[in-house]
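Below: final.cif (mmCIF, C-alpha atoms and all ligand atoms)
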data_model
#
loop_
_atom_site.label_atom_id
_atom_site.label_comp_id
_atom_site.auth_asym_id
_atom_site.auth_seq_id
_atom_site.Cartn_x
_atom_site.Cartn_y
_atom_site.Cartn_z
CA MET A 1 3.26 -1.04 7.09
CA GLU A 2 3.65 -4.65 8.20
CA LYS A 3 7.24 -4.10 9.31
CA SER A 4 7.62 -7.48 10.99
CA SER A 5 6.98 -9.32 7.72
CA VAL A 6 10.34 -8.16 6.31
CA ASN A 7 13.30 -10.32 7.21
CA LYS A 8 16.95 -10.47 6.37
CA ASN A 9 17.25 -14.24 6.63
CA TRP A 10 17.61 -14.60 2.88
CA MET A 11 20.92 -12.76 3.14
CA SER A 12 22.32 -16.20 4.13
CA LEU A 13 22.42 -16.83 0.34
CA PHE A 14 25.66 -14.85 0.48
CA LYS A 15 27.20 -17.44 2.83
CA GLY A 16 28.33 -14.87 5.37
CA GLN A 17 30.30 -12.75 2.88
CA ASN A 18 30.42 -9.14 4.00
CA PRO A 19 29.84 -7.16 1.89
CA ALA A 20 27.40 -9.36 0.03
CA VAL A 21 28.19 -8.80 -3.65
CA ILE A 22 26.03 -9.50 -6.70
CA ALA A 23 28.18 -9.18 -9.82
CA GLY A 24 28.08 -9.91 -13.51
CA PRO A 25 27.55 -8.16 -16.81
CA CYS A 26 25.02 -5.47 -17.54
CA SER A 27 23.68 -7.74 -20.30
CA ALA A 28 24.04 -11.40 -21.16
CA GLU A 29 25.55 -11.29 -24.66
CA THR A 30 26.63 -14.82 -25.58
CA PRO A 31 26.83 -18.16 -23.73
CA GLU A 32 30.64 -17.88 -23.72
CA GLN A 33 30.59 -14.32 -22.36
CA VAL A 34 28.43 -15.13 -19.32
CA MET A 35 30.38 -18.32 -18.54
CA GLN A 36 33.76 -16.59 -18.78
CA ILE A 37 32.74 -13.72 -16.52
CA ALA A 38 31.15 -16.10 -14.00
CA LYS A 39 34.32 -18.20 -13.85
CA ASP A 40 36.57 -15.15 -13.45
CA LEU A 41 34.56 -13.56 -10.62
CA PRO A 42 36.30 -13.49 -7.22
CA ALA A 43 35.29 -16.21 -4.77
CA GLU A 44 33.61 -13.61 -2.53
CA VAL A 45 30.83 -13.24 -5.11
CA LYS A 46 28.01 -15.73 -4.59
CA VAL A 47 25.36 -14.30 -6.92
CA PHE A 48 25.73 -13.74 -10.66
CA ARG A 49 23.71 -11.02 -12.35
CA ALA A 50 22.99 -10.50 -16.04
CA GLY A 51 20.37 -8.49 -17.87
CA ILE A 52 18.23 -10.60 -20.18
CA TRP A 53 15.71 -7.95 -21.20
CA LYS A 54 17.12 -4.41 -21.30
CA PRO A 55 14.85 -1.40 -21.02
CA ARG A 56 16.58 1.11 -23.30
CA THR A 57 15.94 4.84 -23.08
CA ARG A 58 15.66 5.14 -26.85
CA PRO A 59 14.70 2.49 -29.40
CA GLY A 60 17.35 0.96 -31.59
CA GLY A 61 19.80 0.02 -28.82
CA PHE A 62 20.56 -3.53 -27.75
CA GLU A 63 17.41 -4.72 -25.98
CA GLY A 64 18.79 -7.92 -24.51
CA VAL A 65 19.09 -11.46 -25.83
CA GLY A 66 15.77 -12.49 -24.30
CA GLU A 67 14.60 -15.93 -23.16
CA ILE A 68 17.51 -17.85 -24.69
CA GLY A 69 19.81 -16.11 -22.17
CA LEU A 70 18.04 -17.87 -19.30
CA LYS A 71 19.39 -21.20 -20.56
CA TRP A 72 22.93 -19.76 -20.61
CA LEU A 73 22.47 -18.61 -17.02
CA GLN A 74 21.28 -22.06 -15.97
CA GLU A 75 24.47 -23.41 -17.45
CA VAL A 76 26.47 -20.88 -15.40
CA LYS A 77 24.72 -22.06 -12.25
CA ARG A 78 25.37 -25.72 -13.07
CA GLU A 79 29.06 -25.16 -13.71
CA THR A 80 29.95 -22.62 -11.05
CA GLY A 81 27.34 -23.02 -8.32
CA LEU A 82 26.68 -19.28 -8.45
CA LEU A 83 23.11 -18.21 -7.72
CA LEU A 84 21.36 -16.16 -10.39
CA ALA A 85 19.84 -12.66 -10.44
CA ILE A 86 18.01 -10.99 -13.33
CA GLU A 87 15.77 -7.98 -13.91
CA VAL A 88 12.07 -8.56 -14.55
CA ALA A 89 9.71 -5.92 -15.91
CA THR A 90 6.54 -7.83 -16.84
CA ALA A 91 4.49 -10.81 -15.62
CA LYS A 92 5.84 -12.79 -18.58
CA HIS A 93 9.43 -12.12 -17.49
CA VAL A 94 8.48 -13.29 -13.99
CA GLN A 95 6.95 -16.52 -15.31
CA LEU A 96 10.07 -17.30 -17.36
CA ALA A 97 12.41 -16.40 -14.47
CA LEU A 98 10.51 -18.74 -12.14
CA GLU A 99 10.51 -21.55 -14.72
CA HIS A 100 14.28 -21.19 -15.10
CA ASN A 101 14.91 -21.20 -11.35
CA ILE A 102 16.30 -17.69 -11.10
CA ASP A 103 17.05 -17.08 -7.42
CA ILE A 104 16.85 -13.28 -7.22
CA LEU A 105 14.54 -11.13 -9.35
CA TRP A 106 14.97 -7.39 -9.34
CA ILE A 107 12.60 -4.72 -10.52
CA GLY A 108 14.35 -1.89 -12.36
CA ALA A 109 14.19 1.84 -11.70
CA ARG A 110 12.10 2.51 -14.80
CA THR A 111 9.55 -0.07 -13.70
CA THR A 112 9.38 1.13 -10.09
CA VAL A 113 8.00 4.48 -11.26
CA ASN A 114 4.85 2.72 -12.51
CA PRO A 115 2.63 1.32 -9.73
CA PHE A 116 0.58 -0.69 -12.27
CA ALA A 117 3.72 -2.43 -13.49
CA VAL A 118 4.98 -3.12 -9.95
CA GLN A 119 1.55 -4.47 -8.98
CA GLU A 120 1.49 -6.76 -12.03
CA ILE A 121 4.89 -8.16 -11.03
CA ALA A 122 3.89 -8.47 -7.36
CA ASP A 123 0.75 -10.39 -8.36
CA ALA A 124 2.77 -12.68 -10.62
CA LEU A 125 5.14 -13.37 -7.71
CA ALA A 126 2.55 -13.59 -4.91
CA GLY A 127 3.67 -15.86 -2.10
CA THR A 128 7.00 -16.75 -3.74
CA ASP A 129 10.03 -17.66 -1.68
CA ARG A 130 12.38 -16.26 -4.33
CA VAL A 131 14.16 -13.04 -3.42
CA VAL A 132 12.70 -9.89 -4.96
CA LEU A 133 14.66 -6.63 -4.96
CA LEU A 134 13.23 -3.28 -5.93
CA LYS A 135 15.45 -0.53 -7.33
CA ASN A 136 14.60 3.05 -6.43
CA PRO A 137 12.46 4.88 -9.00
CA VAL A 138 14.43 7.08 -11.43
CA ASN A 139 12.91 10.19 -9.83
CA PRO A 140 13.81 11.06 -6.23
CA ASP A 141 10.52 9.98 -4.66
CA LEU A 142 10.77 8.02 -1.41
CA SER A 143 7.02 7.28 -1.28
CA LEU A 144 7.10 5.67 -4.70
CA TRP A 145 10.03 3.47 -3.64
CA MET A 146 8.35 2.52 -0.37
CA GLY A 147 5.03 2.04 -2.17
CA GLY A 148 6.64 -0.53 -4.47
CA LEU A 149 8.12 -2.40 -1.49
CA GLU A 150 4.73 -2.32 0.24
CA ARG A 151 3.12 -3.86 -2.86
CA LEU A 152 5.62 -6.74 -2.61
CA ILE A 153 4.95 -7.16 1.11
CA LYS A 154 1.19 -7.15 0.53
CA ALA A 155 1.65 -9.87 -2.10
CA ASN A 156 3.11 -11.98 0.72
CA ILE A 157 6.61 -11.99 -0.76
CA LYS A 158 8.80 -12.52 2.30
CA ASN A 159 12.31 -12.26 0.92
CA ILE A 160 12.63 -8.71 -0.28
CA GLY A 161 15.12 -5.90 -0.37
CA ALA A 162 15.83 -2.49 -1.92
CA ILE A 163 18.53 -1.43 -4.36
CA HIS A 164 19.80 2.16 -4.37
CA ARG A 165 20.88 3.01 -7.94
CA GLY A 166 20.69 6.81 -7.78
CA PHE A 167 18.34 9.32 -9.38
CA SER A 168 18.09 10.99 -12.80
CA THR A 169 18.84 14.66 -13.27
CA TYR A 170 18.54 16.88 -16.30
CA GLU A 171 21.84 18.60 -15.58
CA LYS A 172 25.15 16.85 -16.16
CA THR A 173 26.66 15.96 -12.79
CA LYS A 174 29.75 14.17 -11.51
CA TYR A 175 27.76 10.93 -11.56
CA ARG A 176 25.34 9.38 -14.05
CA ASN A 177 22.61 9.22 -11.40
CA ILE A 178 22.92 11.40 -8.31
CA PRO A 179 22.93 9.37 -5.10
CA GLU A 180 20.76 11.67 -2.92
CA TRP A 181 21.97 9.67 0.08
CA GLN A 182 19.26 11.18 2.29
CA ILE A 183 16.58 9.17 0.45
CA PRO A 184 17.99 5.70 1.25
CA ILE A 185 18.74 6.95 4.77
CA ASP A 186 15.06 7.90 5.10
CA LEU A 187 14.08 4.51 3.67
CA LYS A 188 16.21 2.80 6.33
CA THR A 189 14.64 4.94 9.04
CA GLN A 190 11.12 4.09 7.90
CA MET A 191 11.74 0.43 7.04
CA PRO A 192 14.56 -0.57 9.41
CA ASP A 193 14.43 -4.30 8.58
CA MET A 194 14.61 -3.81 4.81
CA PRO A 195 17.95 -5.06 3.41
CA ILE A 196 19.47 -2.45 1.12
CA PHE A 197 21.99 -2.92 -1.67
CA GLY A 198 24.05 -0.15 -3.26
CA ASP A 199 24.47 -0.08 -7.03
CA PRO A 200 27.62 2.03 -7.55
CA SER A 201 27.76 1.08 -11.24
CA HIS A 202 24.53 2.91 -12.08
CA ILE A 203 25.12 5.75 -9.63
CA THR A 204 28.53 6.59 -11.07
CA GLY A 205 28.20 5.49 -14.69
CA ASN A 206 32.00 5.34 -14.54
CA ARG A 207 34.14 2.37 -13.51
CA ASP A 208 36.84 4.62 -12.00
CA LYS A 209 34.37 5.91 -9.41
CA VAL A 210 32.72 2.60 -8.49
CA PHE A 211 35.00 2.06 -5.49
CA GLU A 212 34.35 5.44 -3.85
CA VAL A 213 30.58 5.07 -4.06
CA ALA A 214 30.70 1.43 -2.94
CA GLN A 215 32.66 2.55 0.13
CA GLN A 216 30.16 5.32 0.84
CA ALA A 217 27.37 2.72 0.75
CA LEU A 218 29.24 0.56 3.27
CA ASP A 219 29.88 3.62 5.45
CA LEU A 220 26.09 3.89 5.67
CA SER A 221 25.79 0.20 6.67
CA TYR A 222 24.28 -1.07 3.44
CA ASP A 223 23.76 -4.83 3.42
CA GLY A 224 25.35 -5.43 0.04
CA LEU A 225 26.45 -4.21 -3.37
CA MET A 226 25.55 -4.91 -6.97
CA ILE A 227 28.51 -4.25 -9.27
CA GLU A 228 28.43 -4.68 -13.04
CA THR A 229 31.37 -6.79 -14.18
CA HIS A 230 32.50 -7.76 -17.67
CA CYS A 231 35.64 -9.46 -19.03
CA ASN A 232 35.95 -6.85 -21.76
CA PRO A 233 34.03 -3.79 -20.52
CA GLU A 234 34.99 -1.49 -23.40
CA LYS A 235 33.40 -3.93 -25.82
CA ALA A 236 30.25 -4.51 -23.73
CA TRP A 237 26.98 -4.28 -25.66
CA SER A 238 25.49 -1.99 -22.99
CA ASP A 239 26.81 0.28 -20.21
CA ALA A 240 30.42 -0.05 -21.39
CA ALA A 241 31.72 2.90 -19.33
CA GLN A 242 30.60 1.62 -15.94
CA GLN A 243 31.51 -2.06 -15.92
CA VAL A 244 34.67 -3.27 -14.18
CA THR A 245 36.74 -6.33 -15.01
CA PRO A 246 36.71 -9.34 -12.66
CA GLN A 247 40.25 -8.35 -11.61
CA GLN A 248 39.13 -4.79 -10.83
CA LEU A 249 36.21 -6.23 -8.85
CA THR A 250 38.63 -8.36 -6.85
CA ASP A 251 40.70 -5.25 -6.04
CA ILE A 252 37.58 -3.27 -5.10
CA ILE A 253 36.33 -5.99 -2.74
CA GLN A 254 39.76 -6.24 -1.12
CA LYS A 255 40.05 -2.50 -0.62
CA LEU A 256 36.53 -1.98 0.74
CA LYS A 257 36.28 -1.48 4.48
CA VAL A 258 33.21 -2.91 6.18
CA ARG A 259 32.23 -0.71 9.11
CA ASN A 260 31.03 -2.14 12.41
CA VAL A 261 27.55 -1.23 13.62
CA THR A 262 29.17 -0.05 16.82
CA ASP A 263 32.17 -0.77 19.04
CA ASP A 264 31.80 -2.30 22.48
CA THR A 265 35.13 -1.21 23.94
CA ALA A 266 34.94 1.01 27.02
CA ASP A 267 37.34 3.42 25.36
CA PHE A 268 35.06 3.98 22.33
CA LEU A 269 31.88 4.16 24.42
CA GLN A 270 33.41 6.67 26.84
CA GLN A 271 34.74 8.94 24.10
CA ILE A 272 31.61 8.90 21.97
CA GLN A 273 29.44 9.53 25.01
CA ALA A 274 31.50 12.58 25.94
CA TYR A 275 31.17 13.96 22.40
CA ARG A 276 27.45 13.23 22.30
CA ILE A 277 26.86 15.11 25.54
CA ARG A 278 28.50 18.14 23.94
CA ILE A 279 26.40 17.75 20.77
CA ASP A 280 23.19 17.44 22.81
CA ASP A 281 24.11 20.61 24.69
CA MET A 282 24.87 22.48 21.45
CA ASP A 283 21.65 21.25 19.82
CA SER A 284 19.67 22.72 22.72
CA LYS A 285 21.53 26.01 22.34
CA LEU A 286 20.94 26.01 18.57
CA LEU A 287 17.19 25.56 19.10
CA ASP A 288 17.16 28.26 21.72
CA LEU A 289 18.89 30.67 19.32
CA LEU A 290 16.57 29.70 16.46
CA GLU A 291 13.56 30.38 18.66
CA LYS A 292 14.98 33.81 19.53
CA ARG A 293 15.61 34.55 15.84
CA MET A 294 12.02 33.56 14.98
CA SER A 295 10.68 35.86 17.74
CA ILE A 296 12.52 38.79 16.14
CA SER A 297 11.16 37.78 12.75
CA ASP A 298 7.66 37.73 14.31
CA ALA A 299 8.25 41.28 15.60
CA ILE A 300 9.28 42.33 12.06
CA GLY A 301 6.09 40.62 10.84
CA ASN A 302 3.99 42.75 13.18
CA LEU A 303 5.82 45.87 12.00
CA LYS A 304 5.18 44.94 8.35
CA ARG A 305 1.51 44.36 9.15
CA GLU A 306 1.25 47.82 10.74
CA LYS A 307 3.01 49.55 7.80
CA ASN A 308 1.57 47.27 5.08
CA VAL A 309 5.01 46.12 3.88
CA ALA A 310 5.58 42.87 1.90
CA VAL A 311 6.82 39.87 3.83
CA PHE A 312 9.50 38.74 1.38
CA GLN A 313 12.37 41.19 1.08
CA GLN A 314 14.55 40.05 -1.80
CA GLU A 315 17.53 42.37 -1.21
CA ARG A 316 17.73 41.56 2.49
CA TRP A 317 17.47 37.81 1.81
CA LYS A 318 20.21 38.03 -0.84
CA TYR A 319 22.42 39.94 1.59
CA ILE A 320 21.96 37.37 4.38
CA LEU A 321 22.62 34.42 2.10
CA GLU A 322 25.80 35.96 0.69
CA LYS A 323 27.08 37.02 4.10
CA MET A 324 26.43 33.64 5.66
CA ARG A 325 27.98 31.82 2.67
CA LYS A 326 31.17 33.81 3.13
CA GLU A 327 31.30 33.41 6.92
CA GLY A 328 30.37 29.74 6.64
CA THR A 329 33.03 28.87 4.09
CA CYS A 330 35.65 30.70 6.23
CA LEU A 331 34.62 28.37 9.05
CA GLY A 332 34.99 25.32 6.81
CA LEU A 333 31.26 24.75 6.30
CA SER A 334 30.15 23.84 2.79
CA GLU A 335 28.25 26.33 0.61
CA GLU A 336 25.54 23.72 -0.02
CA PHE A 337 25.04 23.25 3.70
CA ILE A 338 24.81 27.00 4.39
CA ALA A 339 22.40 27.50 1.49
CA ALA A 340 20.17 24.61 2.61
CA LEU A 341 20.25 25.70 6.26
CA TYR A 342 19.41 29.34 5.57
CA THR A 343 16.78 28.48 2.98
CA THR A 344 14.98 26.41 5.63
CA ILE A 345 15.30 29.17 8.24
CA HIS A 346 14.11 31.79 5.79
CA GLN A 347 11.14 29.65 4.71
CA GLU A 348 9.97 29.25 8.30
CA SER A 349 10.50 32.95 8.96
CA ILE A 350 8.39 33.88 5.90
CA TYR A 351 5.72 31.34 6.86
CA ARG A 352 5.38 32.86 10.35
CA GLN A 353 5.29 36.44 9.06
CA ASN A 354 2.64 35.44 6.50
CA LYS A 355 0.45 34.15 9.30
CA ILE A 356 0.98 37.35 11.28
CA ILE A 357 0.32 39.73 8.42
CA ASN A 358 -2.91 37.94 7.45
CA LYS A 359 -4.22 37.54 11.02
CA LYS A 360 -7.85 38.65 11.27
C1 LIG B 401 12.98 39.06 8.65
C2 LIG B 401 12.58 39.64 7.52
O1 LIG B 401 11.65 39.10 6.64
C3 LIG B 401 11.95 38.08 5.70
C4 LIG B 401 12.75 37.06 6.41
C5 LIG B 401 14.08 37.19 6.50
C6 LIG B 401 14.89 36.44 7.52
O2 LIG B 401 14.32 35.58 8.19
O3 LIG B 401 16.07 36.76 7.71
C7 LIG B 401 14.75 38.06 5.60
C8 LIG B 401 14.08 38.77 4.68
C9 LIG B 401 12.63 38.69 4.49
O4 LIG B 401 12.40 37.91 3.33
C10 LIG B 401 13.11 40.96 7.09
O5 LIG B 401 12.48 41.61 6.27
O6 LIG B 401 14.20 41.33 7.61
#
Whole structure given in structure tokens:
Amino acid sequence: MEKSSVNKNWMSLFKGQNPAVIAGPCSAETPEQVMQIAKDLPAEVKVFRAGIWKPRTRPGGFEGVGEIGLKWLQEVKRETGLLLAIEVATAKHVQLALEHNIDILWIGARTTVNPFAVQEIADALAGTDRVVLLKNPVNPDLSLWMGGLERLIKANIKNIGAIHRGFSTYEKTKYRNIPEWQIPIDLKTQMPDMPIFGDPSHITGNRDKVFEVAQQALDLSYDGLMIETHCNPEKAWSDAAQQVTPQQLTDIIQKLKVRNVTDDTADFLQQIQAYRIRIDDMDSKLLDLLEKRMSISDAIGNLKREKNVAVFQQERWKYILEKMRKEGTCLGLSEEFIAALYTTIHQESIYRQNKIINKK
């Protein structure tokens, strides 16, 4: 990965606003609609978004106004000075976006899943100085997300970034697309210079929850937010449930707390250092205990080998998981955490015993 070729300089488009906010309707509907929303947006917003071509899950829905909408957006830019952001999904979209001086082009989650499609767009944009943002793929696959970004980098597109819009699930959950925060955290770890935007509208699918997810994104030091905004959300031609009004967006931006990367005061540094020493000490003890537990599991593995007993013991595993769930929740630890922790421990334990039992 050519890490050094990613830069955040293009973030200056947001004129120092923190958080950087891209806002506007899910879809451009009419010239009046885009202009009204653009004019009503709070002054903190410097980039106007609107979908021109809409990839719908099933045919028959509103598929976007198409090319004509680009002229309406140009009018918005002329009148308000807002920069423009749209989604592109094909080389043709890219060509039209470039011709109409769109400043930020984003690649949607349904496109990111297809490396051929991302490559086609990267080729069409090769060497551009426009900003290109890539949404995460709909499925929780970090490599696919990174692979798309790498295709943009390889096409010598300098001004790039990622958008976290959450991941599809078959089950109904609290949100429309589950955030799986660990995936963008891993992306940040692997591509530290990559600017990342949160898309609370698509994660939540519900305007009442946009604030909480936007705040969570800022708590993780995201560089910006994309928030769908419409003057009459209930009547919107697409994504009616998740769009906020310009007034609601103003309230959200005012309420959001931007976290500092760190704090230089002696008081903070002293306190955090003291805590971290304790955590380091406990981590060493945890590892020591885990190693001791694995040694006992190895001994059980040897015993099973001698007596020809199966490695996986369903009843015992069920008992441990239940017991630890109960003890854990009494201690204020979440059930999910206990389940994930013990599943990992059990997997390793099984893996080691398997090796022992099959040793030549
Ligand atoms: C350690 C054992 O083997 C396996 C590993 C377990 C564990 O690590 O706790 C529990 C049950 C078995 O699936 C055992 O049989 O007790």
Excluding Ala85 in chain A and residues on its chain fewer than 4 positions from it, collect all residues at most 9 Å away from it, counting all atoms listed in the file, and give them as a PDB file with C-alpha atoms, in the coordinates of the input.
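Output (around.pdb):
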ATOM      1  CA  ILE A  22      26.030  -9.500  -6.700  1.00  0.00           C
ATOM      2  CA  VAL A  47      25.360 -14.300  -6.920  1.00  0.00           C
ATOM      3  CA  PHE A  48      25.730 -13.740 -10.660  1.00  0.00           C
ATOM      4  CA  ARG A  49      23.710 -11.020 -12.350  1.00  0.00           C
ATOM      5  CA  ALA A  50      22.990 -10.500 -16.040  1.00  0.00           C
ATOM      6  CA  GLY A  51      20.370  -8.490 -17.870  1.00  0.00           C
ATOM      7  CA  ILE A 102      16.300 -17.690 -11.100  1.00  0.00           C
ATOM      8  CA  ASP A 103      17.050 -17.080  -7.420  1.00  0.00           C
ATOM      9  CA  ILE A 104      16.850 -13.280  -7.220  1.00  0.00           C
ATOM     10  CA  LEU A 105      14.540 -11.130  -9.350  1.00  0.00           C
ATOM     11  CA  TRP A 106      14.970  -7.390  -9.340  1.00  0.00           C
TER      12      TRP A 106
END
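Near ligand LIG 401 (chain B), the residues found within 8 Å are Arg293, Met294, Ile296, Ser297, Asp298, Ile300, Gly301, Val311, Phe312, Gln313, Gln314, Glu315, Arg316, Trp317, Ile320, Ile345, His346, Gln347, Glu348, Ser349, Ile350 and Gln353 of chain A (criterion computed using only C-alpha atoms and all ligand atoms).
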How would the residues just picked look written out with C-alpha atoms as a compact mmCIF listing (two decimals), in the coordinates of the input?
# COMPACT_ATOMS: atom_id res chain seq x y z
CA ARG A 293 15.61 34.55 15.84
CA MET A 294 12.02 33.56 14.98
CA ILE A 296 12.52 38.79 16.14
CA SER A 297 11.16 37.78 12.75
CA ASP A 298 7.66 37.73 14.31
CA ILE A 300 9.28 42.33 12.06
CA GLY A 301 6.09 40.62 10.84
CA VAL A 311 6.82 39.87 3.83
CA PHE A 312 9.50 38.74 1.38
CA GLN A 313 12.37 41.19 1.08
CA GLN A 314 14.55 40.05 -1.80
CA GLU A 315 17.53 42.37 -1.21
CA ARG A 316 17.73 41.56 2.49
CA TRP A 317 17.47 37.81 1.81
CA ILE A 320 21.96 37.37 4.38
CA ILE A 345 15.30 29.17 8.24
CA HIS A 346 14.11 31.79 5.79
CA GLN A 347 11.14 29.65 4.71
CA GLU A 348 9.97 29.25 8.30
CA SER A 349 10.50 32.95 8.96
CA ILE A 350 8.39 33.88 5.90
CA GLN A 353 5.29 36.44 9.06
If you count only C-alpha atoms, which residues fall within 6 Å of Gly205 in chain A, apart from same-chain ones fewer than 2 positions away, as a list in words? Arg176, Ser201, His202, Ile203 and Gln242 of chain A
CA of Ile153 in chain A and CA of Val138 in chain A, how far apart in Å? 21.2 Å
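Nearest-residue note for Ile178 in chain A: choosing from A:Gln247, A:Met35, A:Gln215, A:Pro140, the minimum distance belongs to A:Pro140, counting all atoms listed in the file.
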Would you please work out which residue, of A:Lys323, A:Met282, A:Glu336, A:Asn358, is nearest to Asn302 in chain A when using all atoms listed in the file? A:Asn358
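For range 255-265 of chain A, the set of protein, DNA and RNA residues having any atom at most 8 Å away, when counting all atoms listed in the file and skipping those fewer than 5 positions along the same chain, is Asn18, Pro19, Phe211, Ala214, Gln215, Leu218, Asp219 and Ser221 of chain A.
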Give me, as an mmCIF file with C-alpha atoms, keeping the file's coordinate frame, all polymer residues having an atom no more than 12 Å from Asn9 in chain A, counting all atoms listed in the file and skipping those fewer than 5 positions away in the same chain.
data_model
loop_
_atom_site.group_PDB
_atom_site.id
_atom_site.type_symbol
_atom_site.label_atom_id
_atom_site.label_comp_id
_atom_site.auth_asym_id
_atom_site.auth_seq_id
_atom_site.Cartn_x
_atom_site.Cartn_y
_atom_site.Cartn_z
ATOM 1 C CA PHE A 14 25.660 -14.850 0.480
ATOM 2 C CA LYS A 15 27.200 -17.440 2.830
ATOM 3 C CA GLY A 16 28.330 -14.870 5.370
ATOM 4 C CA ASP A 129 10.030 -17.660 -1.680
ATOM 5 C CA VAL A 131 14.160 -13.040 -3.420
ATOM 6 C CA LYS A 158 8.800 -12.520 2.300
ATOM 7 C CA ASN A 159 12.310 -12.260 0.920
ATOM 8 C CA ILE A 160 12.630 -8.710 -0.280
ATOM 9 C CA GLY A 161 15.120 -5.900 -0.370
ATOM 10 C CA ASP A 193 14.430 -4.300 8.580
ATOM 11 C CA MET A 194 14.610 -3.810 4.810
ATOM 12 C CA PRO A 195 17.950 -5.060 3.410
ATOM 13 C CA ASP A 223 23.760 -4.830 3.420
#
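Of note, CA of Thr343 in chain A and CA of Thr329 in chain A are spaced 16.3 Å apart.
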Return the single residue from A:Val76, A:Ala124, A:Ile163, A:Leu287 that is closest to Ile227 in chain A, with distances computed using only C-alpha atoms. A:Ile163
Which polymer residues have any atom within 12 Å of an atom of His93 in chain A, counting only C-alpha atoms, with same-chain residues fewer than 3 positions away left out, as a list in words? Gly51, Ile52, Trp53, Lys54, Gly66, Glu67, Leu70, Ile86, Glu87, Val88, Ala89, Thr90, Leu96, Ala97, Leu98, Glu99, His100, Ile102, Leu105, Trp106, Ile107, Ala117, Glu120, Ile121, Ala124 and Leu125 of chain A
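If you measure from each of A:Ile277, A:Ala299, A:Ala339, A:Ile37 to Glu327 in chain A using all atoms listed in the file, the closest one turns out to be A:Ala339.
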With all atoms listed in the file counted, which protein, DNA or RNA residues have an atom no more than 7 Å from (15.5, 2.0, -13.8) in the file frame? Please answer as a ChimeraX atom specification. /A:108-111,135,137-138
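Proximity to Trp72 in chain A was assessed for A:Asn7, A:Ser168, A:Thr189, A:Gln36 counting all atoms listed in the file; the smallest distance is recorded for A:Gln36.
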